[in-house]
$ cat start38.pdb   # PDB, C-alpha atoms
ATOM      1  CA  MET A   1     -24.303  28.359 -36.095
ATOM      2  CA  ASN A   2     -26.992  29.696 -38.386
ATOM      3  CA  LEU A   3     -30.679  28.778 -38.129
ATOM      4  CA  THR A   4     -33.306  29.158 -40.830
ATOM      5  CA  VAL A   5     -36.953  28.206 -40.303
ATOM      6  CA  MET A   6     -39.036  27.557 -43.430
ATOM      7  CA  PRO A   7     -42.755  26.723 -43.375
ATOM      8  CA  HIS A   8     -44.065  23.806 -45.432
ATOM      9  CA  GLY A   9     -47.781  23.571 -44.700
ATOM     10  CA  ASP A  10     -48.100  22.626 -41.014
ATOM     11  CA  ILE A  11     -44.499  21.474 -40.968
ATOM     12  CA  ARG A  12     -41.582  23.677 -40.065
ATOM     13  CA  ILE A  13     -38.252  22.937 -41.687
ATOM     14  CA  ILE A  14     -35.354  23.979 -39.469
ATOM     15  CA  ARG A  15     -32.066  24.271 -41.313
ATOM     16  CA  ILE A  16     -29.041  24.156 -38.988
ATOM     17  CA  GLU A  17     -25.703  25.288 -40.404
ATOM     18  CA  GLY A  18     -22.359  25.153 -38.641
ATOM     19  CA  ARG A  19     -21.777  23.935 -35.102
ATOM     20  CA  LEU A  20     -24.367  22.870 -32.569
ATOM     21  CA  ASP A  21     -22.414  22.933 -29.313
ATOM     22  CA  GLY A  22     -22.476  24.139 -25.724
ATOM     23  CA  ILE A  23     -22.328  27.757 -26.868
ATOM     24  CA  THR A  24     -24.850  27.738 -29.740
ATOM     25  CA  SER A  25     -27.422  25.141 -28.643
ATOM     26  CA  PRO A  26     -29.444  27.566 -26.432
ATOM     27  CA  GLN A  27     -30.278  29.460 -29.640
ATOM     28  CA  LEU A  28     -31.866  26.327 -31.152
ATOM     29  CA  GLU A  29     -33.627  25.587 -27.872
ATOM     30  CA  GLN A  30     -35.246  29.051 -27.909
ATOM     31  CA  GLU A  31     -36.372  28.532 -31.506
ATOM     32  CA  ILE A  32     -37.938  25.140 -30.727
ATOM     33  CA  LEU A  33     -39.728  26.482 -27.662
ATOM     34  CA  ARG A  34     -41.020  29.382 -29.740
ATOM     35  CA  LEU A  35     -42.312  27.063 -32.492
ATOM     36  CA  CYS A  36     -44.020  24.808 -29.946
ATOM     37  CA  GLU A  37     -45.694  27.817 -28.361
ATOM     38  CA  GLU A  38     -46.965  28.816 -31.780
ATOM     39  CA  GLY A  39     -48.512  25.368 -32.156
ATOM     40  CA  CYS A  40     -45.981  23.919 -34.623
ATOM     41  CA  HIS A  41     -45.487  20.306 -33.574
ATOM     42  CA  ARG A  42     -44.116  18.747 -36.741
ATOM     43  CA  LEU A  43     -40.476  19.614 -37.214
ATOM     44  CA  ALA A  44     -38.055  18.557 -39.950
ATOM     45  CA  PHE A  45     -34.400  19.268 -39.230
ATOM     46  CA  GLU A  46     -32.273  19.868 -42.333
ATOM     47  CA  MET A  47     -28.760  18.865 -41.325
ATOM     48  CA  ASP A  48     -26.633  18.695 -44.471
ATOM     49  CA  ALA A  49     -24.734  21.860 -43.432
ATOM     50  CA  LEU A  50     -24.369  20.840 -39.781
ATOM     51  CA  GLU A  51     -20.666  20.221 -39.157
ATOM     52  CA  TYR A  52     -20.552  19.285 -35.493
ATOM     53  CA  VAL A  53     -22.863  18.303 -32.664
ATOM     54  CA  SER A  54     -22.088  17.723 -28.976
ATOM     55  CA  SER A  55     -24.241  16.438 -26.107
ATOM     56  CA  ALA A  56     -25.540  20.002 -25.635
ATOM     57  CA  GLY A  57     -27.022  19.795 -29.132
ATOM     58  CA  LEU A  58     -28.374  16.282 -28.556
ATOM     59  CA  ARG A  59     -30.070  17.552 -25.441
ATOM     60  CA  VAL A  60     -31.989  20.107 -27.535
ATOM     61  CA  LEU A  61     -32.953  17.481 -30.141
ATOM     62  CA  LEU A  62     -34.317  15.281 -27.348
ATOM     63  CA  LEU A  63     -36.214  18.274 -25.992
ATOM     64  CA  ALA A  64     -37.747  18.780 -29.461
ATOM     65  CA  VAL A  65     -38.865  15.127 -29.540
ATOM     66  CA  LYS A  66     -40.402  15.340 -26.061
ATOM     67  CA  LYS A  67     -42.148  18.668 -26.698
ATOM     68  CA  THR A  68     -43.620  17.724 -30.072
ATOM     69  CA  ARG A  69     -44.742  14.253 -28.949
ATOM     70  CA  ALA A  70     -46.436  15.693 -25.877
ATOM     71  CA  ALA A  71     -48.543  17.760 -28.306
ATOM     72  CA  GLY A  72     -49.180  14.830 -30.681
ATOM     73  CA  GLY A  73     -46.469  15.873 -33.142
ATOM     74  CA  ARG A  74     -43.205  14.435 -34.434
ATOM     75  CA  VAL A  75     -39.645  15.152 -35.475
ATOM     76  CA  ALA A  76     -37.652  13.925 -38.482
ATOM     77  CA  LEU A  77     -34.042  14.544 -39.547
ATOM     78  CA  TYR A  78     -32.585  14.523 -43.042
ATOM     79  CA  GLY A  79     -29.300  15.144 -44.822
ATOM     80  CA  VAL A  80     -27.295  13.943 -41.797
ATOM     81  CA  GLY A  81     -23.554  13.631 -42.533
ATOM     82  CA  SER A  82     -21.310  10.844 -41.259
ATOM     83  CA  ALA A  83     -19.761  12.790 -38.355
ATOM     84  CA  ILE A  84     -23.177  13.734 -36.993
ATOM     85  CA  ARG A  85     -24.546  10.249 -37.607
ATOM     86  CA  GLU A  86     -21.713   8.754 -35.556
ATOM     87  CA  VAL A  87     -22.639  10.895 -32.548
ATOM     88  CA  LEU A  88     -26.355  10.080 -32.936
ATOM     89  CA  GLU A  89     -25.494   6.389 -33.146
ATOM     90  CA  ILE A  90     -23.215   6.283 -30.091
ATOM     91  CA  SER A  91     -25.845   8.139 -28.085
ATOM     92  CA  GLY A  92     -28.652   5.796 -29.086
ATOM     93  CA  PHE A  93     -30.523   8.636 -30.795
ATOM     94  CA  LEU A  94     -31.148   6.833 -34.107
ATOM     95  CA  SER A  95     -34.143   5.121 -32.491
ATOM     96  CA  LEU A  96     -35.709   8.408 -31.353
ATOM     97  CA  PHE A  97     -36.637   9.812 -34.771
ATOM     98  CA  PRO A  98     -36.458   8.857 -38.440
ATOM     99  CA  VAL A  99     -33.139   9.864 -40.023
ATOM    100  CA  LEU A 100     -33.874  10.212 -43.739
ATOM    101  CA  ALA A 101     -31.997  11.106 -46.894
ATOM    102  CA  THR A 102     -34.139  13.840 -48.435
ATOM    103  CA  LYS A 103     -36.507  16.642 -47.544
ATOM    104  CA  GLU A 104     -39.305  14.855 -49.422
ATOM    105  CA  GLU A 105     -38.875  11.724 -47.312
ATOM    106  CA  ALA A 106     -38.876  13.781 -44.124
ATOM    107  CA  ILE A 107     -42.049  15.608 -45.135
ATOM    108  CA  ASP A 108     -43.681  12.297 -46.099
ATOM    109  CA  SER A 109     -42.834  10.788 -42.734
ATOM    110  CA  LEU A 110     -44.278  13.806 -40.912
ATOM    111  CA  THR A 111     -47.503  13.925 -42.929
ATOM    112  CA  GLN A 112     -48.387  10.224 -42.653
TER
ATOM    113  CA  MET B   1       7.854  19.137 -31.138
ATOM    114  CA  ARG B   2       4.586  17.277 -31.523
ATOM    115  CA  ALA B   3       2.887  18.130 -28.206
ATOM    116  CA  SER B   4       1.033  21.294 -27.271
ATOM    117  CA  SER B   5      -0.908  22.475 -24.227
ATOM    118  CA  ILE B   6      -3.496  25.077 -23.433
ATOM    119  CA  ARG B   7      -4.558  26.445 -20.082
ATOM    120  CA  LEU B   8      -8.213  27.425 -19.709
ATOM    121  CA  ARG B   9     -10.177  29.621 -17.344
ATOM    122  CA  PRO B  10     -13.267  27.961 -15.771
ATOM    123  CA  VAL B  11     -15.833  29.799 -17.924
ATOM    124  CA  LEU B  12     -17.832  28.342 -20.822
ATOM    125  CA  ASP B  13     -16.729  31.138 -23.167
ATOM    126  CA  GLU B  14     -13.299  29.475 -23.207
ATOM    127  CA  LEU B  15     -14.789  26.636 -25.240
ATOM    128  CA  ASP B  16     -14.293  28.616 -28.425
ATOM    129  CA  ARG B  17     -10.583  29.126 -27.687
ATOM    130  CA  LEU B  18     -10.172  25.418 -26.876
ATOM    131  CA  GLN B  19     -11.831  24.415 -30.170
ATOM    132  CA  ARG B  20      -9.656  26.809 -32.186
ATOM    133  CA  PHE B  21      -6.569  25.452 -30.406
ATOM    134  CA  ILE B  22      -7.522  21.895 -31.391
ATOM    135  CA  ARG B  23      -8.178  23.012 -34.975
ATOM    136  CA  ARG B  24      -4.693  24.552 -35.208
ATOM    137  CA  PHE B  25      -3.088  21.465 -33.663
ATOM    138  CA  CYS B  26      -4.820  19.282 -36.239
ATOM    139  CA  GLU B  27      -3.846  21.518 -39.143
ATOM    140  CA  ARG B  28      -0.226  21.560 -38.023
ATOM    141  CA  HIS B  29      -0.060  17.770 -37.723
ATOM    142  CA  GLY B  30      -2.213  16.794 -40.684
ATOM    143  CA  VAL B  31      -4.895  15.256 -38.475
ATOM    144  CA  THR B  32      -7.976  14.297 -40.482
ATOM    145  CA  GLU B  33     -11.347  15.959 -40.097
ATOM    146  CA  VAL B  34     -12.868  12.754 -38.686
ATOM    147  CA  LEU B  35     -10.322  12.605 -35.886
ATOM    148  CA  ARG B  36     -10.465  16.378 -35.299
ATOM    149  CA  ASN B  37     -14.210  16.118 -34.792
ATOM    150  CA  ARG B  38     -13.758  13.413 -32.173
ATOM    151  CA  LEU B  39     -11.031  15.386 -30.379
ATOM    152  CA  GLN B  40     -13.209  18.491 -30.272
ATOM    153  CA  LEU B  41     -16.225  16.549 -29.092
ATOM    154  CA  ALA B  42     -14.397  14.724 -26.284
ATOM    155  CA  CYS B  43     -12.732  17.965 -25.149
ATOM    156  CA  GLU B  44     -15.969  19.946 -25.179
ATOM    157  CA  GLU B  45     -17.738  17.305 -23.090
ATOM    158  CA  TRP B  46     -14.858  17.231 -20.613
ATOM    159  CA  PHE B  47     -14.463  21.010 -20.389
ATOM    160  CA  VAL B  48     -18.191  21.758 -19.989
ATOM    161  CA  ASN B  49     -18.407  19.112 -17.241
ATOM    162  CA  VAL B  50     -15.409  20.513 -15.385
ATOM    163  CA  VAL B  51     -16.761  24.080 -15.531
ATOM    164  CA  LYS B  52     -20.362  23.227 -14.631
ATOM    165  CA  HIS B  53     -19.982  20.337 -12.203
ATOM    166  CA  GLY B  54     -16.326  20.491 -11.143
ATOM    167  CA  PHE B  55     -15.822  24.162 -10.332
ATOM    168  CA  GLY B  56     -19.526  25.036 -10.239
ATOM    169  CA  GLY B  57     -20.548  22.016  -8.162
ATOM    170  CA  ALA B  58     -21.443  21.849  -4.488
ATOM    171  CA  ALA B  59     -18.122  20.243  -3.507
ATOM    172  CA  ALA B  60     -16.051  22.962  -5.213
ATOM    173  CA  ASP B  61     -13.524  24.682  -2.959
ATOM    174  CA  SER B  62     -13.422  28.360  -3.866
ATOM    175  CA  SER B  63     -10.160  28.916  -1.932
ATOM    176  CA  VAL B  64      -8.212  26.896  -4.527
ATOM    177  CA  PRO B  65      -7.408  28.802  -7.744
ATOM    178  CA  PRO B  66      -8.879  26.796 -10.620
ATOM    179  CA  ARG B  67      -6.395  25.211 -12.971
ATOM    180  CA  ILE B  68      -7.557  23.500 -16.149
ATOM    181  CA  THR B  69      -5.193  22.265 -18.853
ATOM    182  CA  ALA B  70      -5.506  20.214 -22.015
ATOM    183  CA  SER B  71      -2.434  18.730 -23.727
ATOM    184  CA  PHE B  72      -2.331  17.111 -27.132
ATOM    185  CA  LYS B  73       0.296  14.868 -28.611
ATOM    186  CA  LEU B  74       0.475  13.050 -31.904
ATOM    187  CA  THR B  75       1.621   9.602 -30.754
ATOM    188  CA  SER B  76       1.593   8.008 -34.217
ATOM    189  CA  PRO B  77       0.105   8.970 -37.583
ATOM    190  CA  GLY B  78      -3.632   8.865 -36.989
ATOM    191  CA  GLU B  79      -3.469   8.677 -33.178
ATOM    192  CA  VAL B  80      -3.621  11.577 -30.736
ATOM    193  CA  MET B  81      -3.151  11.361 -26.985
ATOM    194  CA  ILE B  82      -5.050  13.957 -24.961
ATOM    195  CA  ARG B  83      -4.269  14.627 -21.322
ATOM    196  CA  LEU B  84      -6.968  16.602 -19.529
ATOM    197  CA  ALA B  85      -6.176  17.903 -16.066
ATOM    198  CA  ASP B  86      -8.113  19.982 -13.548
ATOM    199  CA  ASN B  87      -7.943  20.620  -9.806
ATOM    200  CA  ALA B  88     -11.705  20.404  -9.258
ATOM    201  CA  PRO B  89     -13.038  17.844  -6.734
ATOM    202  CA  PRO B  90     -12.338  14.194  -7.647
ATOM    203  CA  PHE B  91     -14.363  12.896 -10.557
ATOM    204  CA  ASN B  92     -13.686   9.418 -11.881
ATOM    205  CA  PRO B  93     -15.507   8.939 -15.200
ATOM    206  CA  ASP B  94     -15.329   5.167 -14.755
ATOM    207  CA  ASP B  95     -17.648   5.490 -11.746
ATOM    208  CA  HIS B  96     -20.168   7.500 -13.748
ATOM    209  CA  PRO B  97     -23.293   5.454 -14.552
ATOM    210  CA  ALA B  98     -23.784   4.784 -18.283
ATOM    211  CA  PRO B  99     -27.072   6.089 -19.697
ATOM    212  CA  ASP B 100     -29.814   3.610 -20.600
ATOM    213  CA  LEU B 101     -29.975   3.983 -24.383
ATOM    214  CA  SER B 102     -32.903   1.595 -24.716
ATOM    215  CA  LEU B 103     -35.370   3.980 -23.058
ATOM    216  CA  PRO B 104     -38.049   5.592 -25.232
ATOM    217  CA  ALA B 105     -37.788   9.357 -25.752
ATOM    218  CA  GLU B 106     -40.396  10.145 -23.104
ATOM    219  CA  GLN B 107     -38.315   8.466 -20.402
ATOM    220  CA  ARG B 108     -34.871   9.599 -21.483
ATOM    221  CA  PRO B 109     -33.335  12.093 -19.113
ATOM    222  CA  ILE B 110     -32.322  15.420 -20.643
ATOM    223  CA  GLY B 111     -28.540  15.300 -20.366
ATOM    224  CA  GLY B 112     -26.113  12.785 -18.923
ATOM    225  CA  LEU B 113     -24.505  11.785 -22.226
ATOM    226  CA  GLY B 114     -21.273  13.778 -22.058
ATOM    227  CA  VAL B 115     -19.080  11.384 -20.072
ATOM    228  CA  TYR B 116     -20.456   8.427 -21.991
ATOM    229  CA  LEU B 117     -19.487  10.072 -25.293
ATOM    230  CA  ILE B 118     -15.944  10.793 -24.078
ATOM    231  CA  LEU B 119     -15.344   7.177 -23.112
ATOM    232  CA  LYS B 120     -16.955   5.811 -26.280
ATOM    233  CA  LEU B 121     -14.917   8.062 -28.566
ATOM    234  CA  ALA B 122     -11.586   7.077 -27.041
ATOM    235  CA  SER B 123      -9.918   3.865 -28.147
ATOM    236  CA  ARG B 124      -8.589   3.650 -24.585
ATOM    237  CA  HIS B 125      -8.506   5.886 -21.551
ATOM    238  CA  ARG B 126      -7.091   6.146 -18.066
ATOM    239  CA  TYR B 127      -8.158   8.207 -15.067
ATOM    240  CA  GLU B 128      -5.947   9.118 -12.130
ATOM    241  CA  ARG B 129      -6.203  11.446  -9.164
ATOM    242  CA  VAL B 130      -2.699  12.917  -8.820
ATOM    243  CA  ASP B 131      -1.658  15.626  -6.329
ATOM    244  CA  GLY B 132      -5.172  17.033  -6.037
ATOM    245  CA  ARG B 133      -5.771  16.910  -9.773
ATOM    246  CA  ASN B 134      -8.065  14.860 -11.983
ATOM    247  CA  GLU B 135      -6.025  13.521 -14.879
ATOM    248  CA  LEU B 136      -7.837  11.891 -17.742
ATOM    249  CA  THR B 137      -5.754  10.465 -20.588
ATOM    250  CA  LEU B 138      -7.513   9.612 -23.826
ATOM    251  CA  TYR B 139      -6.176   7.943 -26.935
ATOM    252  CA  MET B 140      -8.169   8.837 -30.015
ATOM    253  CA  THR B 141      -7.806   7.362 -33.484
ATOM    254  CA  GLU B 142      -9.359   7.738 -36.902
ATOM    255  CA  ASN B 143     -10.831   4.269 -36.709
ATOM    256  CA  ALA B 144     -14.429   3.733 -35.744
ATOM    257  CA  HIS B 145     -15.340   4.419 -32.149
ATOM    258  CA  ARG B 146     -15.263   1.437 -29.851
ATOM    259  CA  ASP B 147     -18.481  -0.497 -29.587
ATOM    260  CA  HIS B 148     -17.296  -2.895 -26.930
ATOM    261  CA  GLU B 149     -17.631  -2.301 -23.219
ATOM    262  CA  ARG B 150     -15.476   0.383 -21.683
ATOM    263  CA  GLU B 151     -12.130  -0.784 -20.401
ATOM    264  CA  ASN B 152      -9.703   0.684 -17.938
ATOM    265  CA  GLY B 153      -7.006   1.568 -20.419
ATOM    266  CA  GLU B 154      -3.462   0.920 -19.337
ATOM    267  CA  GLU B 155      -0.636   3.073 -20.580
ATOM    268  CA  PRO B 156       0.713   1.385 -23.719
ATOM    269  CA  THR B 157       4.125  -0.196 -23.415
TER
END
$ encode --input "start38.pdb" --output "structure tokens"
Amino acid sequence: MNLTVMPHGDIRIIRIEGRLDGITSPQLEQEILRLCEEGCHRLAFEMDALEYVSSAGLRVLLLAVKKTRAAGGRVALYGVGSAIREVLEISGFLSLFPVLATKEEAIDSLTQ
Amino acid sequence: MRASSIRLRPVLDELDRLQRFIRRFCERHGVTEVLRNRLQLACEEWFVNVVKHGFGGAAADSSVPPRITASFKLTSPGEVMIRLADNAPPFNPDDHPAPDLSLPAEQRPIGGLGVYLILKLASRHRYERVDGRNELTLYMTENAHRDHERENGEEPT
């Protein structure tokens, strides 16, 4: 897995490439905790290059939702492929955050 | 020869070897990416559970050498049977409570989705405790995951 964090005003765009599983998800967890500590509470996850997610990855996404909401912030996802969407759907995660097509839509939803 | 097995040590680092094994199995048998993803997901959830809660749990008996195996068989084009076996304490996934997916984020517990995902991804499944082993058999297909209630899958005739 490869993580890239890009600032966009107050928003942080987190690009996740590769596999978000039991081995790699602690890396994303550390990054989210770091961003929250720095006061970044609006996170957009760019997922077009994410190939695979397991419950370990979902756990970290839920953590991101809880952490940002507790600080008055929000999370949005975009560019989610069909394999990832299936896992989000089965797990009932599609109701936890907006899952959008483009970066612009994600930024719009976080700036409203 | 359409079946293959792998034996795993009870450490999380083995996950990578398990995933590569599944990838090779799928390449050899022309299994699609959609189905490969489901196989890898179900196997990761099972393996992580066995390592963390089976052999790492309070009921674990350290005098018994851990034995964990995963076997894969192409039963028809587009269907793979997985047999997952371990000698950890009994764990029947059918007795595992399903998560409440209607809860808002604030009330959702962190974790507890793994077993649910396994059972949802399989078109049918069967659990047995045999000779001190947990044996979970899953049938996975390329078709959409099941959205009906879980069933106690019987071996097909």
$ residues_around --input "start38.pdb" --residues "Glu104 (chain A)" --least-positions-apart "4" --cutoff "12 Å" --atoms "all atoms listed in the file" --output "list in words"
His8, Ile11, Ile13, Ala44, Glu46, Ala76, Leu77, Tyr78, Gly79, Leu100, Asp108, Ser109, Leu110 and Thr111 of chain A
$ closest_residue --input "start38.pdb" --among "B:Val50, B:Ala42, B:Val130, B:Ile68" --to "chain A" --atoms "only C-alpha atoms"
B:Ala42
$ interface_residues --input "start38.pdb" --of "chain A" --to "chain B" --cutoff "9 Å" --atoms "only C-alpha atoms" --output "number ranges by chain"
A: 21-23, 51-56, 58-60, 62-63, 65-66, 69-70, 83, 86-87, 90-93, 95-96
$ closest_residue --input "start38.pdb" --among "B:Pro90, B:Ala85, B:Arg36, B:Asp95" --to "Asp61 (chain B)" --atoms "all atoms listed in the file"
B:Pro90
$ atom_distance --input "start38.pdb" --atom1 "CA of Val5 (chain A)" --atom2 "CA of Lys67 (chain A)"
17.4 Å
$ resolve_selection --input "start38.pdb" --expression "the PyMOL selection byres ((chain A and resi 16) around 8)" --output "ChimeraX atom specification"
/A:1-4,14-15,17-18,45-47,49-50
$ closest_residue --input "start38.pdb" --among "B:Pro89, B:His96, B:Arg124, B:Ser5" --to "His53 (chain B)" --atoms "all atoms listed in the file"
B:Pro89
$ axis_aligned_box --input "start38.pdb" --around "region 13-22 of chain A" --padding-each-side "4 Å" --output "lines of an AutoDock Vina configuration file"
center_x = -30.0
center_y = 24.1
center_z = -33.7
size_x = 24.5
size_y = 10.4
size_z = 24.0
$ closest_residue --input "start38.pdb" --among "B:Asn49, B:Ser76, B:Ser62, B:Ser71" --to "Ala3 (chain B)" --atoms "only C-alpha atoms"
B:Ser71
$ closest_residue --input "start38.pdb" --among "B:Gly30, B:Pro97, B:Gly57, B:Pro65" --to "Gly78 (chain B)" --atoms "only C-alpha atoms"
B:Gly30
$ atom_distance --input "start38.pdb" --atom1 "CA of Leu39 (chain B)" --atom2 "CA of Leu136 (chain B)"
13.5 Å
$ residues_around --input "start38.pdb" --residues "Phe25 (chain B)" --least-positions-apart "3" --cutoff "10 Å" --atoms "all atoms listed in the file" --output "VMD selection string"
chain B and resid 2 to 5 19 to 22 28 to 31 36 72 to 74
$ atom_distance --input "start38.pdb" --atom1 "CA of Phe47 (chain B)" --atom2 "CA of Ala88 (chain B)"
11.5 Å
$ closest_residue --input "start38.pdb" --among "A:Glu37, A:Ser82, A:Gln30, A:Val99" --to "Thr68 (chain A)" --atoms "only C-alpha atoms"
A:Glu37
$ resolve_selection --input "start38.pdb" --expression "the PyMOL selection byres ((chain B and resi 125) around 6)" --output "JSON, numbers by chain"
{"B": [124, 126, 137, 138, 153]}
$ write_last_selection --input "start38.pdb" --atoms "C-alpha atoms" --output "tab-separated table (two decimals), in the frame of the given file"
chain	number	residue	atom	x	y	z
B	124	ARG	CA	-8.59	3.65	-24.58
B	126	ARG	CA	-7.09	6.15	-18.07
B	137	THR	CA	-5.75	10.46	-20.59
B	138	LEU	CA	-7.51	9.61	-23.83
B	153	GLY	CA	-7.01	1.57	-20.42
$ resolve_selection --input "start38.pdb" --expression "the PyMOL selection byres ((chain B and resi 140) around 7)" --output "PyMOL selection string"
chain B and resi 79-81+121-123+138-139+141
